[in-house]
file run-v5.cif (mmCIF, C-alpha atoms)
data_coords
loop_
_atom_site.label_atom_id
_atom_site.label_comp_id
_atom_site.auth_asym_id
_atom_site.auth_seq_id
_atom_site.Cartn_x
_atom_site.Cartn_y
_atom_site.Cartn_z
CA MET N 1 25.75 -41.89 62.76
CA SER N 2 22.37 -43.52 62.11
CA ALA N 3 21.55 -44.29 58.48
CA ARG N 4 18.91 -41.98 56.99
CA LEU N 5 16.15 -43.49 54.85
CA LEU N 6 13.54 -41.85 52.67
CA LEU N 7 10.28 -43.83 52.50
CA LEU N 8 7.88 -43.05 49.64
CA GLU N 9 4.56 -44.76 50.45
CA ASP N 10 1.03 -43.36 50.16
CA ASP N 11 -0.63 -45.89 52.47
CA PRO N 12 -0.30 -44.49 56.03
CA ALA N 13 -0.78 -47.90 57.66
CA ILE N 14 2.01 -49.49 55.63
CA ALA N 15 4.23 -46.44 56.17
CA ARG N 16 3.77 -46.64 59.96
CA THR N 17 4.58 -50.35 59.98
CA VAL N 18 7.70 -49.88 57.84
CA ALA N 19 8.90 -46.88 59.83
CA TYR N 20 8.41 -48.71 63.12
CA ALA N 21 10.36 -51.77 61.92
CA LEU N 22 13.26 -49.66 60.66
CA GLU N 23 13.40 -47.19 63.55
CA ARG N 24 13.42 -50.10 65.99
CA ASP N 25 16.75 -51.06 64.38
CA GLY N 26 18.14 -47.59 64.96
CA LEU N 27 17.52 -46.15 61.51
CA THR N 28 16.13 -42.67 60.85
CA VAL N 29 13.08 -42.63 58.55
CA THR N 30 11.65 -39.67 56.64
CA HIS N 31 8.25 -40.39 55.12
CA SER N 32 6.79 -38.87 51.94
CA LEU N 33 3.27 -39.54 50.69
CA LEU N 34 3.76 -38.19 47.16
CA VAL N 35 6.40 -38.32 44.41
CA HIS N 36 6.58 -34.51 44.47
CA ASP N 37 7.33 -34.46 48.19
CA ALA N 38 10.00 -37.16 47.83
CA ARG N 39 11.73 -35.16 45.06
CA GLN N 40 11.88 -32.13 47.35
CA GLN N 41 13.30 -34.23 50.19
CA LEU N 42 16.04 -35.63 47.94
CA GLN N 43 16.97 -32.11 46.84
CA SER N 44 17.10 -30.66 50.35
CA ALA N 45 18.68 -33.50 52.36
CA ARG N 46 21.03 -36.46 51.96
CA PHE N 47 19.86 -40.02 52.45
CA ASP N 48 21.57 -43.40 52.64
CA LEU N 49 18.74 -45.42 51.09
CA LEU N 50 15.40 -44.95 49.32
CA VAL N 51 12.40 -47.23 49.85
CA LEU N 52 9.71 -46.47 47.27
CA ASP N 53 6.30 -47.70 46.27
CA VAL N 54 5.37 -47.84 42.59
CA GLY N 55 1.73 -46.73 42.46
CA LEU N 56 1.23 -43.27 43.97
CA PRO N 57 -1.52 -40.62 43.70
CA ASP N 58 0.62 -38.09 41.80
CA GLY N 59 2.59 -40.47 39.58
CA SER N 60 4.80 -43.52 39.59
CA GLY N 61 7.69 -44.29 41.89
CA LEU N 62 9.45 -45.55 38.76
CA ASP N 63 9.63 -41.96 37.49
CA LEU N 64 11.39 -40.95 40.69
CA LEU N 65 13.73 -43.94 40.37
CA ARG N 66 14.65 -42.84 36.85
CA ASP N 67 15.41 -39.34 38.11
CA VAL N 68 17.50 -40.68 40.99
CA ARG N 69 19.68 -42.76 38.68
CA ASN N 70 20.15 -39.87 36.22
CA THR N 71 21.15 -37.28 38.84
CA ALA N 72 24.78 -37.21 39.98
CA PRO N 73 24.23 -36.67 43.75
CA THR N 74 21.84 -39.64 44.01
CA ALA N 75 23.01 -41.90 41.15
CA ALA N 76 24.47 -44.52 43.51
CA LEU N 77 21.76 -44.30 46.18
CA PRO N 78 20.58 -47.82 47.11
CA VAL N 79 16.90 -48.30 46.25
CA LEU N 80 14.45 -50.90 47.57
CA MET N 81 11.22 -51.01 45.59
CA LEU N 82 7.80 -52.06 46.92
CA SER N 83 5.32 -53.45 44.40
CA ALA N 84 1.80 -54.82 44.53
CA HIS N 85 1.39 -58.57 44.26
CA GLY N 86 1.23 -59.73 40.65
CA GLU N 87 2.63 -56.52 39.11
CA GLU N 88 5.59 -58.30 37.52
CA ILE N 89 6.05 -55.68 34.82
CA ASP N 90 6.65 -53.02 37.49
CA ARG N 91 9.28 -55.15 39.22
CA VAL N 92 11.08 -55.92 35.96
CA LEU N 93 11.01 -52.29 34.84
CA GLY N 94 12.18 -51.14 38.27
CA LEU N 95 15.18 -53.46 38.18
CA GLU N 96 15.99 -52.37 34.64
CA LEU N 97 15.92 -48.74 35.81
CA GLY N 98 18.39 -49.52 38.57
CA ALA N 99 16.50 -50.66 41.68
CA ASP N 100 18.72 -52.82 43.89
CA ASP N 101 16.02 -55.01 45.39
CA TYR N 102 12.25 -55.30 45.64
CA LEU N 103 9.57 -56.65 47.95
CA THR N 104 6.09 -57.72 46.92
CA LYS N 105 3.13 -56.62 49.06
CA PRO N 106 2.09 -57.92 51.50
CA PHE N 107 5.53 -58.34 53.06
CA SER N 108 7.03 -59.05 56.44
CA PRO N 109 8.39 -55.95 58.21
CA ARG N 110 11.24 -58.08 59.55
CA GLU N 111 12.19 -59.15 56.03
CA LEU N 112 12.08 -55.55 54.84
CA ALA N 113 14.33 -54.45 57.71
CA ALA N 114 16.77 -57.28 56.92
CA ARG N 115 16.91 -56.33 53.23
CA VAL N 116 17.43 -52.66 54.08
CA LYS N 117 20.32 -53.48 56.40
CA ALA N 118 21.87 -55.75 53.76
CA LEU N 119 21.70 -52.95 51.15
CA LEU N 120 23.25 -50.50 53.59
CA ARG N 121 26.09 -52.89 54.36
CA ARG N 122 26.77 -53.38 50.65
CA ALA N 123 26.78 -49.60 50.18
CA GLY N 124 29.42 -49.24 52.88
CA HIS N 125 27.33 -47.52 55.54
CA GLY N 126 29.08 -47.73 58.87
CA ASN N 127 32.53 -47.94 57.24
CA GLY N 128 33.03 -44.24 56.65
CA ASN N 129 31.15 -44.25 53.35
CA SER N 130 27.59 -43.31 54.17
CA HIS N 131 26.95 -41.51 50.88
CA PRO N 132 28.40 -43.61 48.04
CA ALA N 133 28.14 -41.15 45.16
CA ALA N 134 31.83 -41.27 44.20
CA PRO N 135 31.82 -44.73 42.52
CA ALA N 136 29.15 -43.63 40.04
CA ALA N 137 31.15 -40.51 39.16
CA THR N 138 34.26 -42.64 38.60
CA ALA N 139 32.28 -45.11 36.49
CA ALA N 140 31.15 -42.25 34.26
CA ALA N 141 34.81 -41.32 33.71
CA LEU N 142 35.70 -44.85 32.57
CA PHE N 143 32.54 -45.98 30.79
CA HIS N 144 30.22 -44.31 28.30
CA ASP N 145 26.73 -45.78 27.94
CA ASP N 146 24.98 -44.91 24.69
CA GLU N 147 21.47 -45.92 25.72
CA THR N 148 19.93 -45.08 22.36
CA GLY N 149 22.34 -47.25 20.41
CA GLN N 150 22.70 -49.76 23.28
CA ARG N 151 26.49 -49.50 23.14
CA ILE N 152 29.00 -49.15 25.97
CA SER N 153 32.58 -47.93 25.62
CA LEU N 154 35.45 -48.48 28.07
CA ARG N 155 38.14 -45.80 28.03
CA GLY N 156 36.85 -44.63 24.65
CA GLN N 157 36.88 -48.10 23.05
CA ALA N 158 33.59 -49.75 22.10
CA LEU N 159 32.82 -53.11 23.70
CA PRO N 160 31.44 -55.77 21.31
CA LEU N 161 28.37 -56.61 23.40
CA THR N 162 25.36 -58.75 22.66
CA ARG N 163 21.93 -57.38 23.64
CA ARG N 164 21.89 -59.32 26.92
CA GLU N 165 25.49 -58.37 27.74
CA TYR N 166 24.65 -54.73 27.16
CA ARG N 167 21.68 -54.90 29.53
CA LEU N 168 23.75 -56.66 32.20
CA LEU N 169 26.63 -54.19 32.04
CA ALA N 170 24.29 -51.19 31.88
CA HIS N 171 22.53 -52.40 35.03
CA LEU N 172 25.87 -52.93 36.81
CA LEU N 173 26.98 -49.45 35.72
CA ARG N 174 23.87 -47.80 37.14
CA GLY N 175 24.72 -49.34 40.51
CA ALA N 176 28.52 -49.27 40.32
CA GLY N 177 30.12 -50.24 43.61
CA ARG N 178 27.06 -52.15 44.85
CA ILE N 179 26.34 -55.87 44.82
CA HIS N 180 23.52 -56.97 42.51
CA SER N 181 21.79 -60.30 43.10
CA ARG N 182 21.47 -62.81 40.27
CA ASP N 183 17.68 -62.33 40.42
CA ALA N 184 18.07 -58.58 39.88
CA LEU N 185 20.46 -59.10 36.97
CA LEU N 186 18.21 -61.78 35.49
CA ALA N 187 15.21 -59.44 35.60
CA ALA N 188 17.21 -56.54 34.15
CA ALA N 189 18.58 -58.47 31.17
CA TRP N 190 15.97 -61.17 30.50
CA GLY N 191 12.73 -59.85 31.97
CA ASP N 192 10.13 -62.59 32.31
CA ASP N 193 11.94 -65.14 30.13
CA SER N 194 11.18 -68.33 32.06
CA GLU N 195 13.92 -70.26 30.23
CA SER N 196 16.69 -68.19 31.84
CA THR N 197 18.34 -69.20 35.14
CA ASP N 198 21.08 -68.11 37.51
CA ARG N 199 23.49 -70.18 35.43
CA THR N 200 22.58 -68.02 32.43
CA VAL N 201 23.65 -64.92 34.36
CA ASP N 202 26.94 -66.58 35.39
CA THR N 203 27.73 -67.50 31.79
CA HIS N 204 27.10 -64.00 30.49
CA ILE N 205 29.11 -62.42 33.31
CA LYS N 206 32.03 -64.68 32.31
CA THR N 207 31.90 -63.46 28.69
CA LEU N 208 31.53 -59.86 29.88
CA ARG N 209 34.67 -60.18 31.98
CA ALA N 210 36.58 -61.57 29.01
CA LYS N 211 35.53 -58.65 26.79
CA LEU N 212 36.43 -56.09 29.45
CA ARG N 213 39.79 -57.81 29.95
CA GLU N 214 40.57 -57.55 26.23
CA LEU N 215 40.38 -53.75 26.47
CA ASP N 216 41.97 -53.43 29.91
CA PRO N 217 44.04 -56.55 30.78
CA ALA N 218 45.46 -55.04 33.97
CA ARG N 219 42.13 -54.69 35.73
CA GLU N 220 39.24 -56.95 36.80
CA TYR N 221 36.05 -54.90 36.78
CA ILE N 222 33.38 -57.40 37.87
CA SER N 223 33.77 -59.18 41.19
CA THR N 224 31.84 -62.17 42.53
CA HIS N 225 30.36 -62.10 46.04
CA ARG N 226 29.51 -65.65 46.97
CA GLY N 227 25.87 -66.14 47.87
CA MET N 228 25.08 -62.50 47.06
CA GLY N 229 25.79 -61.70 43.41
CA TYR N 230 28.08 -59.50 41.31
CA CYS N 231 29.52 -56.01 41.64
CA LEU N 232 31.13 -53.61 39.16
CA ASP N 233 34.22 -52.46 41.08
CA ILE N 234 35.38 -48.94 40.31
#
call {"tool": "encode", "arguments": {"input": "run-v5.cif", "output": "structure tokens"}}
result
Amino acid sequence: MSARLLLLEDDPAIARTVAYALERDGLTVTHSLLVHDARQQLQSARFDLLVLDVGLPDGSGLDLLRDVRNTAPTAALPVLMLSAHGEEIDRVLGLELGADDYLTKPFSPRELAARVKALLRRAGHGNGNSHPAAPAATAAALFHDDETGQRISLRGQALPLTRREYRLLAHLLRGAGRIHSRDALLAAAWGDDSESTDRTVDTHIKTLRAKLRELDPAREYISTHRGMGYCLDI
């Protein structure tokens, strides 16, 4: 069955271009112009991926992203964010809220289609798992994220996390079962810190694995996907 995408974009010209590029690859696209309309679509139908713009007439796409990640039926929905050129703060905030990838306008429709297909593959579409909500539910049973105190517990035991480790693990938890690129993890945990690199992410993932292993030696929670990034396996 064809993957179903919800596109939230208020510029009709961009929406037509995006829809054409995706439908040409056999995907089904539903277009919403407003945040309110997109919320109604998510409540009334099931989608395999959300493509959202940030700046919209009736609010911010980031508000919708926050709602998506905090609602059980859509918590694991892959999200590709579109942002205006130069709006780095929006991209960083979007990744921190759980976006899986982003594109800066103007963008190539072919690149967007390629990124969408990559996200769908990572989410398991086409392998009998078109709607990957179960991993997030299982993650909630194993992990507890105290966002206010910035603490995470595994099986009821608190993990001794640094601030960066907390942000990394929290981001992985929000997208449990999906692969997160080093760039996405870097933005989620370090923001615009120019001193941080991919190697920094690798080092912190290594210490995270060690701390998780101390509480659950029989299981490896974070897997490496060469050339792609890291995934919290539940």
call {"tool": "resolve_selection", "arguments": {"input": "run-v5.cif", "expression": "the PyMOL selection byres ((chain N and resi 143) around 10)", "output": "ChimeraX atom specification"}}
result
/N:138-142,144-146,152-158,170,173
call {"tool": "residues_near_point", "arguments": {"input": "run-v5.cif", "point": "(4.3, -48.1, 48.0)", "cutoff": "12 Å", "atoms": "all atoms listed in the file", "output": "PyMOL selection string"}}
result
chain N and resi 7-15+18+31-35+50-57+59-62+80-85+90+102-107
call {"tool": "resolve_selection", "arguments": {"input": "run-v5.cif", "expression": "the PyMOL selection byres ((chain N and resi 92) around 8)", "output": "ChimeraX atom specification"}}
result
/N:88-91,93-96,187-188,191-192
call {"tool": "closest_residue", "arguments": {"input": "run-v5.cif", "among": "N:Ala176, N:Ala45, N:Ala118, N:Ala184", "to": "Arg69 in chain N", "atoms": "all atoms listed in the file"}}
result
N:Ala176
call {"tool": "atom_distance", "arguments": {"input": "run-v5.cif", "atom1": "CA of Ala113 in chain N", "atom2": "CA of Asp25 in chain N"}}
result
7.9 Å
call {"tool": "resolve_selection", "arguments": {"input": "run-v5.cif", "expression": "the PyMOL selection byres ((chain N and resi 179) around 6)", "output": "ChimeraX atom specification"}}
result
/N:178,180,230-231
call {"tool": "write_last_selection", "arguments": {"input": "run-v5.cif", "atoms": "C-alpha atoms", "output": "compact mmCIF listing (two decimals), in the frame of the given file"}}
result
# COMPACT_ATOMS: atom_id res chain seq x y z
CA ARG N 178 27.06 -52.15 44.85
CA HIS N 180 23.52 -56.97 42.51
CA TYR N 230 28.08 -59.50 41.31
CA CYS N 231 29.52 -56.01 41.64
call {"tool": "atom_distance", "arguments": {"input": "run-v5.cif", "atom1": "CA of Pro73 in chain N", "atom2": "CA of Ala38 in chain N"}}
result
14.8 Å
call {"tool": "closest_residue", "arguments": {"input": "run-v5.cif", "among": "N:Ala21, N:Leu185, N:Leu119, N:Val201", "to": "His171 in chain N", "atoms": "all atoms listed in the file"}}
result
N:Leu185
call {"tool": "closest_residue", "arguments": {"input": "run-v5.cif", "among": "N:Arg174, N:Leu77, N:Asp63, N:Pro109", "to": "Arg16 in chain N", "atoms": "all atoms listed in the file"}}
result
N:Pro109
call {"tool": "atom_distance", "arguments": {"input": "run-v5.cif", "atom1": "CA of His125 in chain N", "atom2": "CA of Arg4 in chain N"}}
result
10.2 Å
call {"tool": "residues_around", "arguments": {"input": "run-v5.cif", "residues": "Thr224 in chain N", "least_positions_apart": "2", "cutoff": "12 Å", "atoms": "only C-alpha atoms", "output": "list of chain:residue names"}}
result
N:Arg178, N:Ile179, N:His180, N:Ser181, N:Arg182, N:Val201, N:Asp202, N:Ile205, N:Lys206, N:Arg209, N:Glu220, N:Tyr221, N:Ile222, N:Arg226, N:Gly227, N:Met228, N:Gly229, N:Tyr230, N:Cys231, N:Leu232, N:Asp233
call {"tool": "closest_residue", "arguments": {"input": "run-v5.cif", "among": "N:Gly177, N:Pro217, N:Gly149, N:Pro78", "to": "Asp101 in chain N", "atoms": "all atoms listed in the file"}}
result
N:Pro78
